[in-house]
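For reference, the structure is listed below as C-alpha cells.
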Amino acid sequence: MWRPEAALAPGLGTAAGRPLTVGWDVGGAHLKACRMEGDRRVDVAQWICPLWQGLGQLEAALDAATARWPDLAAAQHAVTMTGEMADGFVDRADGVARIAAALEQRWPHRVRLFAGEQDWLLPAEAAQHWERIASANWRATAAHCAQHFADRSGLLIDIGSTTSDLIAFRHGRLLGESLSDRDRLRSGELVYLGVVRTPLCALAERIAFQGESLNVMNELFATTADVFRLLGELDPSHDLYPGADGADKSLAATRARLARMVGCDAREGSEADWLRFAQAWRNNMLDRLATELQRMVSAQGLDLRASAVVVAGAGAFLVPDLIERTAQRLGLEQAAPGWKIFDYGFDVAGGVAQATDHGCIPGARLCAPSVAVAALWQQAARQQRTAVEQG
C-alpha cells in the first residue's frame, strides 16, 4: 500500500556472481536508473540531465552513474526514453537514434531498447524503428502494473516532475489505443503538468490572492516546485533544478518567486497569505488533472470503485486527493470508497525488495519506468532462455 518513505539511499556494492541488469529511463530533464543483481533490485537513482543543452549532459549523467556503479561495463542495459523530444535534436527520429548510439558507444553489444512489452531492439535498429522506441517509458510502467494486477482492472497514475501519465488496464492488458505522445495528449492519458518543472503560468489565467481574483503574469517567474516546496510536500531529493530566478530554495526565496506571478513582492502578504496562495495553485493543478482523469476513466468504462490505483512519480503525494476529486465528479459515493491505492515501489516492484534495500522503495516509485524496463527485460531474457532450452 501507499508508503511515503524518505529519500533515495546511497549507492550499494555489487553481489559477486549475480547477473547484473540496469534499467534506464533517459528523460529530457533527468536520467533515472534501476540496478538489479539477479532478481533482486538493489539500488535506484536519478541524476539531473537537461538534454536540451546537448548530448554532453547525458554523458555527464552517465559518468555520475558510473561513479555510483563502477561495474556498469559488465551489465546488460535495458533502456526506455523520452529525451528524444529535447529541442537540441533535429526531430524525434534524430533524438532516438543519437541517444541509442551514445549508449551503444559506451556499452557495446550490451544495450537493448524497449519497444513494447515483448519487443526489444538493438541500437542499430533505432533509426528505422524510432516510433516504437520514442516516449515509451509510460508503457513499460503500465505493462508492469497490468501484469501485477492481472486479475482486475486498474489505473496507473504517475505524476512526475514534468508530466503526468494516466493509464488504464484490465486483465493484464493496457486499455486504449494510444501509442504516441500525440495520441495520449488527445485522449488525456498524457497531461503536461508535473510537480517540479511546470511554469505556474501554465496552470491558470487568473488566481485568487487575498480575496481578489488576479490575472496571472505569463512569465517564467515560478514553477510548481515553488508551490509544493512551500506547502512542504515536495521531497528535497526530487527538487533538483534551480529556481526560475536562479535564487536559492529557501522559503523566503520561494515566496518571492510566487509573489511575482501576480505582480507583488513577498512583503505584501503574510506567511499565511502565501500558503493560501500556494494552495490555490495546487487546487488548480488538481482540477486540471481531475478533468483529464475523468475523461480517461469514462472513455475506458473503468469502474473506479473496483480498480487498483497504482501511484508513482515525484508527485505521488497528490494522488489520494486527485482520486477523491475525480470520484466526486463521477458521482461516486464518498463513504467507504471501494478503490485502493497501491505504491508502485512497494506493491508492484517490491516483490524482489527486502528490508535491506534501504531507499529502493521510494526510489522505485520515483523512477518507475527504469524499474519496469529492468523487470520486463529480465522476463524477456528468461523466456528466450526457456525457448532455446526447449528448442
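Labels for the C-alpha cells follow display order: chains A, B, ..., residues from 1 in each chain, ligands from 1.
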
Write out as a PyMOL selection string the residues lying within 10 Å of Arg106 in chain A, counting only C-alpha atoms and excluding same-chain residues fewer than 2 positions away. chain A and resi 59+62+72-73+101-104+108-111

Can you list, as a JSON list (two decimals) with C-alpha atoms, in the first residue's frame, every protein, DNA or RNA residue that comes within 6 Å of Phe169 in chain A when you count only C-alpha atoms, leaving out same-chain residues fewer than 5 positions away?
```json
[["chain", "number", "residue", "atom", "x", "y", "z"],
["A", 146, "ALA", "CA", -1.04, -4.67, -15.56],
["A", 153, "SER", "CA", -8.87, -3.57, -13.59],
["A", 154, "GLY", "CA", -6.57, -0.80, -12.56],
["A", 174, "LEU", "CA", -3.49, -1.89, -21.33],
["A", 175, "LEU", "CA", -6.70, -0.17, -22.38]]
```

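Each of A:Gln279, A:Trp52, A:Gln300, A:Ala93 was checked against Arg170 in chain A using only C-alpha atoms; the smallest atom-to-atom distance is that of A:Gln300.
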
What's the 8 Å shell around range 221-228 of chain A, counting only C-alpha atoms, without same-chain residues fewer than 6 positions away, as a VMD selection string? chain A and resid 194 to 200 234 239 243 to 245 254 to 255 257 to 258 260 to 261 278 to 279 281 to 282

Could you write out, as a ChimeraX atom specification, all the residues of range 40-226 of chain A that DSSP marks as helix (DSSP H, G or I)? /A:51-53,56-68,72-74,83-85,92-106,123-125,130-133,137-148,181-187,200-202,224-226

List the neighbours of Asp321 in chain A out to 10 Å using only C-alpha atoms; skip same-chain residues closer than 6 positions along the sequence, and give me the result as a ChimeraX atom specification. /A:283,286,290,327

May I ask which of the residues A:Asp303, A:Asp343, A:Glu131, A:Asp71 is the closest one to Pro320 in chain A, counting only C-alpha atoms? A:Asp343
